[in-house]
file protein_17.txt (compact mmCIF, C-alpha atoms)
# COMPACT_ATOMS: atom_id res chain seq x y z
CA MET A 1 185.27 88.21 138.25
CA PRO A 2 184.93 84.89 140.12
CA GLN A 3 187.39 82.24 138.99
CA SER A 4 184.60 79.76 138.32
CA MET A 5 183.13 81.89 135.52
CA PRO A 6 184.39 80.44 132.22
CA SER A 7 185.35 82.81 129.43
CA LYS A 8 183.54 82.74 126.10
CA GLY A 9 186.48 80.82 124.59
CA GLU A 10 186.34 78.25 127.37
CA ARG A 11 182.59 77.85 126.90
CA THR A 12 183.04 77.28 123.15
CA ARG A 13 185.76 74.71 123.83
CA GLU A 14 183.45 72.87 126.27
CA MET A 15 180.59 72.98 123.75
CA ILE A 16 182.82 71.47 121.05
CA LEU A 17 183.88 68.65 123.40
CA ALA A 18 180.36 67.98 124.72
CA ARG A 19 178.96 67.70 121.18
CA THR A 20 181.79 65.78 119.53
CA ALA A 21 182.65 63.24 122.28
CA PRO A 22 179.47 61.13 121.78
CA LEU A 23 179.84 61.51 118.02
CA PHE A 24 183.48 60.29 117.99
CA ASN A 25 182.35 57.40 120.21
CA THR A 26 179.50 56.47 117.86
CA VAL A 27 181.02 57.00 114.41
CA GLY A 28 184.55 55.93 115.40
CA TRP A 29 187.40 57.87 117.02
CA GLY A 30 189.53 57.72 113.88
CA LYS A 31 186.63 57.93 111.46
CA LEU A 32 184.67 61.07 112.37
CA SER A 33 185.23 63.63 109.62
CA LEU A 34 185.85 67.35 109.91
CA SER A 35 182.59 68.06 108.07
CA GLU A 36 180.68 65.97 110.65
CA ILE A 37 182.48 67.91 113.42
CA MET A 38 181.51 71.21 111.75
CA ALA A 39 177.88 70.13 111.37
CA ALA A 40 177.65 69.00 115.02
CA THR A 41 179.16 72.20 116.44
CA GLY A 42 177.81 74.73 113.93
CA LEU A 43 181.36 76.07 113.59
CA GLU A 44 183.59 76.59 110.59
CA LYS A 45 186.97 74.89 110.35
CA GLY A 46 188.71 78.01 111.69
CA GLY A 47 186.34 78.23 114.65
CA ILE A 48 187.24 74.68 115.65
CA TYR A 49 190.99 75.04 115.08
CA ASN A 50 191.00 78.19 117.21
CA HIS A 51 190.60 75.82 120.15
CA PHE A 52 192.46 72.71 119.01
CA LYS A 53 195.71 72.55 117.05
CA ASN A 54 194.43 69.80 114.77
CA ARG A 55 191.98 66.89 114.51
CA GLU A 56 194.23 64.65 116.65
CA GLU A 57 194.29 67.18 119.51
CA LEU A 58 190.49 67.54 119.37
CA MET A 59 190.06 63.75 119.30
CA VAL A 60 192.27 63.28 122.37
CA ALA A 61 190.50 66.10 124.26
CA ALA A 62 187.10 64.60 123.34
CA PHE A 63 188.28 61.19 124.58
CA ASP A 64 189.37 62.75 127.90
CA HIS A 65 185.99 64.49 128.11
CA ALA A 66 184.22 61.15 127.57
CA VAL A 67 186.37 59.46 130.23
CA GLY A 68 185.55 62.35 132.59
CA ILE A 69 181.83 61.61 132.20
CA MET A 70 182.47 57.95 133.07
CA ARG A 71 184.66 58.94 136.04
CA ALA A 72 181.89 61.17 137.45
CA ARG A 73 179.41 58.32 137.06
CA PHE A 74 181.62 55.95 139.08
CA GLU A 75 182.22 58.60 141.76
CA ARG A 76 178.47 59.12 142.13
CA ALA A 77 177.89 55.36 142.32
CA LEU A 78 180.51 54.93 145.06
CA ASN A 79 179.32 57.87 147.12
CA GLY A 80 178.31 56.74 150.60
CA ARG A 81 178.94 53.01 150.15
CA GLY A 82 181.03 51.64 152.99
CA HIS A 83 181.72 47.94 152.53
CA ALA A 84 184.24 47.08 149.79
CA VAL A 85 182.00 44.41 148.25
CA ASP A 86 179.09 46.87 148.14
CA GLN A 87 181.39 49.38 146.45
CA LEU A 88 182.28 46.77 143.83
CA ARG A 89 178.60 45.96 143.32
CA ALA A 90 177.96 49.70 142.82
CA VAL A 91 180.63 49.75 140.10
CA LEU A 92 178.98 46.75 138.39
CA ALA A 93 175.66 48.57 138.58
CA VAL A 94 177.06 51.39 136.43
CA TRP A 95 177.51 48.86 133.62
CA ALA A 96 174.21 47.10 134.35
CA GLU A 97 172.25 50.34 134.24
CA SER A 98 172.49 51.25 130.63
CA PRO A 99 174.27 49.00 128.12
CA LEU A 100 171.98 50.31 125.38
CA ASP A 101 172.00 53.95 126.50
CA THR A 102 175.50 54.53 127.86
CA PRO A 103 176.54 57.72 129.76
CA VAL A 104 178.53 58.72 126.68
CA GLY A 105 176.47 57.78 123.60
CA GLY A 106 177.88 54.90 121.53
CA GLY A 107 179.06 52.54 124.31
CA CYS A 108 182.11 52.53 126.56
CA PRO A 109 184.66 54.99 125.13
CA ILE A 110 187.61 53.00 126.51
CA LEU A 111 186.36 49.74 124.93
CA ASN A 112 185.65 51.45 121.62
CA ALA A 113 189.00 53.25 121.52
CA ALA A 114 190.87 50.10 122.59
CA ILE A 115 189.37 48.01 119.78
CA GLU A 116 189.81 50.73 117.20
CA ALA A 117 193.34 51.73 118.21
CA ASP A 118 194.96 48.40 119.11
CA ASP A 119 196.80 48.26 115.86
CA ALA A 120 195.90 51.53 114.17
CA ASP A 121 196.53 54.64 116.31
CA PRO A 122 199.33 54.71 118.93
CA GLN A 123 198.23 58.01 120.51
CA LEU A 124 194.60 56.92 120.99
CA ARG A 125 195.84 53.56 122.24
CA ALA A 126 198.06 55.27 124.84
CA ARG A 127 195.08 57.34 125.99
CA ALA A 128 192.84 54.27 126.16
CA ARG A 129 195.51 52.52 128.25
CA GLN A 130 195.67 55.44 130.69
CA ALA A 131 191.90 55.43 131.10
CA MET A 132 191.85 51.66 131.54
CA ASP A 133 194.71 51.89 134.08
CA GLU A 134 192.57 54.26 136.12
CA LEU A 135 189.56 51.92 136.01
CA LEU A 136 191.59 48.84 136.95
CA ARG A 137 193.28 50.81 139.76
CA LEU A 138 189.88 51.89 141.14
CA LEU A 139 188.80 48.25 141.47
CA ARG A 140 192.16 47.14 142.93
CA LEU A 141 192.09 49.94 145.52
CA ILE A 142 188.58 49.06 146.65
CA LEU A 143 189.73 45.46 147.13
CA LEU A 144 192.98 46.41 148.92
CA ARG A 145 191.23 48.75 151.35
CA GLY A 146 188.58 46.08 151.88
CA LYS A 147 191.30 43.59 152.78
CA ARG A 148 192.81 46.00 155.33
CA ARG A 149 189.40 46.47 156.94
CA GLY A 150 188.73 42.73 156.98
CA GLU A 151 185.83 43.03 154.52
CA VAL A 152 187.57 41.09 151.73
CA ARG A 153 189.12 37.64 152.16
CA PRO A 154 192.91 37.93 152.43
CA GLN A 155 193.52 35.31 149.69
CA VAL A 156 191.73 37.37 146.99
CA ASP A 157 194.12 38.40 144.18
CA GLU A 158 193.03 41.99 143.58
CA ILE A 159 194.94 42.34 140.31
CA ALA A 160 193.35 39.22 138.82
CA LEU A 161 189.87 40.07 140.09
CA ALA A 162 189.99 43.63 138.69
CA SER A 163 191.10 42.24 135.31
CA LEU A 164 188.42 39.53 135.35
CA ALA A 165 185.63 41.96 136.23
CA ILE A 166 186.55 44.44 133.50
CA SER A 167 186.95 41.66 130.90
CA THR A 168 183.53 40.24 131.75
CA LEU A 169 181.76 43.61 131.83
CA GLU A 170 183.29 45.00 128.64
CA GLY A 171 182.66 41.76 126.74
CA ALA A 172 179.07 41.70 127.98
CA LEU A 173 178.62 45.34 126.95
CA MET A 174 179.74 44.39 123.44
CA LEU A 175 177.24 41.47 123.29
CA SER A 176 174.36 43.52 124.72
CA ARG A 177 174.96 46.29 122.21
CA LEU A 178 175.43 43.86 119.30
CA TYR A 179 172.05 42.23 120.02
CA GLY A 180 170.29 45.31 121.44
CA SER A 181 169.41 43.35 124.58
CA ASN A 182 170.30 43.78 128.26
CA THR A 183 170.30 39.99 128.82
CA TYR A 184 174.00 39.49 128.15
CA MET A 185 174.92 42.21 130.65
CA GLN A 186 172.51 40.84 133.26
CA THR A 187 174.06 37.37 132.92
CA ALA A 188 177.56 38.80 133.41
CA ILE A 189 176.53 40.88 136.45
CA ALA A 190 174.74 37.92 138.06
CA HIS A 191 177.87 35.79 137.67
CA LEU A 192 180.20 38.47 139.07
CA GLU A 193 177.87 39.24 142.00
CA ALA A 194 177.65 35.55 142.90
CA HIS A 195 181.45 35.34 142.71
CA LEU A 196 181.83 38.43 144.96
CA GLU A 197 179.50 37.00 147.60
CA ALA A 198 180.89 33.45 147.48
CA ALA A 199 184.63 34.04 147.12
CA VAL A 200 185.43 37.69 147.91
CA ARG A 201 183.29 38.94 150.83
CA ALA A 202 184.88 37.93 154.12
CA PRO A 203 182.61 35.89 156.43
CA ALA A 204 181.05 38.17 159.06
CA MET B 205 188.29 18.82 84.85
CA PRO B 206 187.84 17.84 88.51
CA GLN B 207 185.30 20.00 90.34
CA SER B 208 187.82 20.88 93.04
CA MET B 209 190.06 22.76 90.59
CA PRO B 210 189.25 26.48 90.99
CA SER B 211 189.13 28.65 87.89
CA LYS B 212 191.48 31.61 87.50
CA GLY B 213 188.62 33.95 88.47
CA GLU B 214 187.91 31.93 91.61
CA ARG B 215 191.61 31.96 92.54
CA THR B 216 191.76 35.75 92.12
CA ARG B 217 188.63 36.14 94.27
CA GLU B 218 190.20 33.97 96.98
CA MET B 219 193.45 35.95 96.80
CA ILE B 220 191.55 39.23 97.26
CA LEU B 221 189.72 37.84 100.30
CA ALA B 222 192.83 36.28 101.86
CA ARG B 223 194.78 39.54 101.56
CA THR B 224 192.05 42.00 102.52
CA ALA B 225 190.38 40.13 105.44
CA PRO B 226 193.27 40.72 107.90
CA LEU B 227 193.62 44.27 106.59
CA PHE B 228 189.93 45.10 107.12
CA ASN B 229 190.24 43.56 110.59
CA THR B 230 193.30 45.65 111.44
CA VAL B 231 192.50 49.03 109.86
CA GLY B 232 188.75 48.83 110.51
CA TRP B 233 185.93 47.19 108.52
CA GLY B 234 184.40 50.51 107.57
CA LYS B 235 187.68 52.40 107.30
CA LEU B 236 189.86 50.44 104.85
CA SER B 237 190.15 52.50 101.67
CA LEU B 238 189.99 51.38 98.06
CA SER B 239 193.60 52.50 97.54
CA GLU B 240 194.72 50.29 100.47
CA ILE B 241 192.75 47.39 98.94
CA MET B 242 194.42 48.01 95.56
CA ALA B 243 197.89 48.16 97.15
CA ALA B 244 197.31 44.93 99.10
CA THR B 245 196.04 42.95 96.11
CA GLY B 246 198.13 44.52 93.34
CA LEU B 247 194.91 44.97 91.36
CA GLU B 248 193.32 48.03 89.77
CA LYS B 249 189.84 49.14 90.76
CA GLY B 250 188.33 47.32 87.77
CA GLY B 251 190.15 44.11 88.67
CA ILE B 252 188.61 44.19 92.15
CA TYR B 253 185.11 45.14 91.04
CA ASN B 254 185.16 42.30 88.50
CA HIS B 255 184.72 40.04 91.50
CA PHE B 256 182.67 42.18 93.89
CA LYS B 257 179.83 44.53 93.01
CA ASN B 258 181.12 47.25 95.37
CA ARG B 259 183.16 47.91 98.52
CA GLU B 260 180.29 46.75 100.77
CA GLU B 261 180.05 43.36 98.98
CA LEU B 262 183.83 42.89 99.26
CA MET B 263 183.75 43.86 102.96
CA VAL B 264 180.99 41.35 103.73
CA ALA B 265 182.77 38.58 101.77
CA ALA B 266 186.04 39.38 103.59
CA PHE B 267 184.21 39.22 106.93
CA ASP B 268 182.76 35.81 106.02
CA HIS B 269 186.26 34.70 104.98
CA ALA B 270 187.64 35.82 108.37
CA VAL B 271 184.85 34.00 110.22
CA GLY B 272 185.61 30.89 108.14
CA ILE B 273 189.21 30.95 109.41
CA MET B 274 187.94 31.14 113.01
CA ARG B 275 185.42 28.32 112.36
CA ALA B 276 188.17 26.05 111.02
CA ARG B 277 190.27 26.80 114.12
CA PHE B 278 187.44 25.78 116.45
CA GLU B 279 186.74 22.62 114.44
CA ARG B 280 190.40 21.61 114.68
CA ALA B 281 190.42 22.31 118.42
CA LEU B 282 187.32 20.17 119.01
CA ASN B 283 188.52 17.28 116.87
CA GLY B 284 188.73 14.09 118.93
CA ARG B 285 187.69 15.56 122.30
CA GLY B 286 184.97 13.49 123.92
CA HIS B 287 183.87 14.98 127.21
CA ALA B 288 181.79 18.18 126.96
CA VAL B 289 183.89 20.02 129.55
CA ASP B 290 187.06 19.09 127.68
CA GLN B 291 185.46 20.38 124.48
CA LEU B 292 184.71 23.68 126.22
CA ARG B 293 188.26 23.87 127.52
CA ALA B 294 189.50 23.30 123.95
CA VAL B 295 187.38 26.25 122.79
CA LEU B 296 188.88 28.43 125.56
CA ALA B 297 192.34 27.33 124.44
CA VAL B 298 191.74 28.86 121.00
CA TRP B 299 191.45 32.27 122.71
CA ALA B 300 194.29 31.55 125.13
CA GLU B 301 196.67 30.57 122.35
CA SER B 302 197.20 33.83 120.61
CA PRO B 303 195.59 37.06 121.87
CA LEU B 304 198.47 39.01 120.37
CA ASP B 305 198.76 37.01 117.16
CA THR B 306 195.19 36.04 116.29
CA PRO B 307 194.27 33.53 113.51
CA VAL B 308 193.01 36.50 111.50
CA GLY B 309 195.42 39.41 112.03
CA GLY B 310 194.02 42.32 114.08
CA GLY B 311 192.08 40.43 116.77
CA CYS B 312 188.69 38.70 116.74
CA PRO B 313 186.80 39.79 113.61
CA ILE B 314 183.42 39.37 115.34
CA LEU B 315 184.45 41.56 118.31
CA ASN B 316 185.96 44.20 116.03
CA ALA B 317 182.96 44.28 113.69
CA ALA B 318 180.53 44.32 116.63
CA ILE B 319 182.20 47.35 118.25
CA GLU B 320 182.57 49.16 114.97
CA ALA B 321 179.11 48.43 113.62
CA ASP B 322 176.90 48.62 116.74
CA ASP B 323 175.66 52.05 115.80
CA ALA B 324 177.30 52.70 112.46
CA ASP B 325 176.73 49.95 109.84
CA PRO B 326 173.54 47.82 109.90
CA GLN B 327 174.79 45.31 107.29
CA LEU B 328 178.09 44.63 109.08
CA ARG B 329 176.21 44.45 112.38
CA ALA B 330 173.81 41.84 110.94
CA ARG B 331 176.80 39.81 109.74
CA ALA B 332 178.55 40.11 113.12
CA ARG B 333 175.33 38.91 114.80
CA GLN B 334 175.15 35.87 112.53
CA ALA B 335 178.75 34.96 113.31
CA MET B 336 178.21 35.49 117.05
CA ASP B 337 175.00 33.41 116.90
CA GLU B 338 177.05 30.56 115.46
CA LEU B 339 179.68 30.84 118.21
CA LEU B 340 177.11 31.00 121.03
CA ARG B 341 175.25 28.04 119.49
CA LEU B 342 178.46 25.98 119.36
CA LEU B 343 178.95 26.44 123.12
CA ARG B 344 175.29 25.79 123.94
CA LEU B 345 175.27 22.60 121.86
CA ILE B 346 178.39 21.27 123.58
CA LEU B 347 176.68 21.87 126.94
CA LEU B 348 173.33 20.37 125.88
CA ARG B 349 174.94 17.21 124.50
CA GLY B 350 177.05 17.02 127.66
CA LYS B 351 173.90 17.15 129.76
CA ARG B 352 172.32 14.32 127.76
CA ARG B 353 175.42 12.18 128.29
CA GLY B 354 175.55 13.01 132.00
CA GLU B 355 178.86 14.89 131.66
CA VAL B 356 177.38 18.28 132.55
CA ARG B 357 175.33 19.00 135.69
CA PRO B 358 171.61 19.15 134.81
CA GLN B 359 171.15 22.53 136.57
CA VAL B 360 173.66 24.34 134.28
CA ASP B 361 171.97 27.10 132.24
CA GLU B 362 173.63 26.60 128.87
CA ILE B 363 172.37 29.91 127.42
CA ALA B 364 173.77 31.92 130.34
CA LEU B 365 177.06 30.01 130.43
CA ALA B 366 177.67 30.45 126.69
CA SER B 367 177.00 34.19 127.04
CA LEU B 368 179.23 34.50 130.11
CA ALA B 369 182.12 32.63 128.48
CA ILE B 370 182.04 34.74 125.32
CA SER B 371 181.74 37.99 127.31
CA THR B 372 184.73 37.08 129.47
CA LEU B 373 186.89 35.90 126.57
CA GLU B 374 186.16 38.80 124.23
CA GLY B 375 186.66 41.37 127.00
CA ALA B 376 189.94 39.71 127.98
CA LEU B 377 191.05 39.70 124.34
CA MET B 378 190.44 43.46 124.24
CA LEU B 379 192.51 44.00 127.44
CA SER B 380 195.35 41.73 126.32
CA ARG B 381 195.59 43.50 122.98
CA LEU B 382 195.30 46.96 124.55
CA TYR B 383 198.24 46.22 126.86
CA GLY B 384 200.14 43.85 124.55
CA SER B 385 200.17 41.22 127.30
CA ASN B 386 198.72 37.71 127.59
CA THR B 387 198.11 38.13 131.35
CA TYR B 388 194.53 39.41 131.03
CA MET B 389 193.58 36.45 128.85
CA GLN B 390 195.29 33.98 131.18
CA THR B 391 193.36 35.39 134.15
CA ALA B 392 190.07 35.04 132.27
CA ILE B 393 190.80 31.47 131.17
CA ALA B 394 191.88 30.44 134.69
CA HIS B 395 188.59 31.76 136.09
CA LEU B 396 186.44 30.07 133.43
CA GLU B 397 188.31 26.75 133.78
CA ALA B 398 187.86 26.80 137.57
CA HIS B 399 184.15 27.55 137.05
CA LEU B 400 183.81 24.67 134.54
CA GLU B 401 185.42 22.19 136.93
CA ALA B 402 183.59 23.40 140.06
CA ALA B 403 180.10 24.13 138.75
CA VAL B 404 179.68 22.53 135.31
CA ARG B 405 181.43 19.12 135.16
CA ALA B 406 179.15 16.46 136.60
CA PRO B 407 180.69 14.44 139.47
CA ALA B 408 182.06 11.12 138.17
call {"tool": "encode", "arguments": {"input": "protein_17.txt", "output": "structure tokens"}}
result
Amino acid sequence: MPQSMPSKGERTREMILARTAPLFNTVGWGKLSLSEIMAATGLEKGGIYNHFKNREELMVAAFDHAVGIMRARFERALNGRGHAVDQLRAVLAVWAESPLDTPVGGGCPILNAAIEADDADPQLRARARQAMDELLRLLRLILLRGKRRGEVRPQVDEIALASLAISTLEGALMLSRLYGSNTYMQTAIAHLEAHLEAAVRAPA
Amino acid sequence: MPQSMPSKGERTREMILARTAPLFNTVGWGKLSLSEIMAATGLEKGGIYNHFKNREELMVAAFDHAVGIMRARFERALNGRGHAVDQLRAVLAVWAESPLDTPVGGGCPILNAAIEADDADPQLRARARQAMDELLRLLRLILLRGKRRGEVRPQVDEIALASLAISTLEGALMLSRLYGSNTYMQTAIAHLEAHLEAAVRAPA
């Protein structure tokens, strides 16, 4: 049997994650109840806990699944873009695309988990930190490589710029979703794009 | 009896709000349980529901109480500042001051309620919108008055700038609280201050 063929158990596990990740992200990572999980998956308690030791393990796996969807979206956006500033603009475009209809339903899973877990759930918080580390590192690496290739001005502080971009985008996502309007996100993207062109892109 | 003397009932109501607002904001506006509310106030169920029709009414009153604490903080910060750009910098300083030890424990109540309620609780979402409207209006008004007095460049778009500032600050608050570090907030403030001085303050 080819290795790529998932077993029935693996398919059930994937189905549980695919159905519960957007639900956790919408209802709340700490709030989604077992009965809601059962209703969404069509499984009994035992059928779910065959695959996950407990609710916490399912929640963490669903969070990783949600982050995986985001990661794939960024990889697709970056595919084929050469210049570092164009790569950064492609990352911004992932946020710009769909503040009201996010790749994982319910908004950015890292933002949601960060707000929910900051003083309530150490394990979810640790997971949100890991996912945010990865996102910040992606932006820093694009900037660093851009510096080496002479595409990014040498005086740009890549740590500060990555932090600023994520702050602005995540805050704008919150405002756009609060008001059900893309305007807030568009304003944030316009500001960051102008900043990239004026202060980050190296003169040709 | 002087009007300013609160009755025993009013004092109990205030005590309930003062104790539960930071708790709602920490545990989650939709998540805090009646038993946690009873433990925090030292009251029985009946003692709480003497003052609030139900959990929802208490939650909304606690949210308004939390927003009132933020409002007072902004008013104090603005007190005595003349120039519009200095007023804006004073508003930024309220965020800069205490990302890890916010005026209402648990972070910014508007940010927390917005993330929690965006697809889960229409009443809390409406309340979070009202509070955010007030905050955005405060920034827009400072800019508009500054324009009239020639302190702010006439080409500044006060709606966009208010939205950008709040996005950046709320996103940075999330990052600073996620990592338990002021750095993310400091980076955001430094960027916004540089933008205010370079693109908003009218030349003398």
call {"tool": "interface_residues", "arguments": {"input": "protein_17.txt", "of": "chain A", "to": "chain B", "cutoff": "9 Å", "atoms": "only C-alpha atoms", "output": "ChimeraX atom specification"}}
result
/A:26-28,30-31,106-107,111-112,114-120,125-126,128-129,132,160-161,163-175,177-180,183-185,187-188,191
call {"tool": "atom_distance", "arguments": {"input": "protein_17.txt", "atom1": "CA of Met242 (chain B)", "atom2": "CA of Gly213 (chain B)"}}
result
16.8 Å
call {"tool": "atom_distance", "arguments": {"input": "protein_17.txt", "atom1": "CA of Glu97 (chain A)", "atom2": "CA of Ala77 (chain A)"}}
result
11.1 Å
call {"tool": "atom_distance", "arguments": {"input": "protein_17.txt", "atom1": "CA of Asn182 (chain A)", "atom2": "CA of Val94 (chain A)"}}
result
13.1 Å
call {"tool": "closest_residue", "arguments": {"input": "protein_17.txt", "among": "B:Arg357, B:Lys249, B:Lys257, B:Arg331", "to": "Val271 (chain B)", "atoms": "all atoms listed in the file"}}
result
B:Arg331
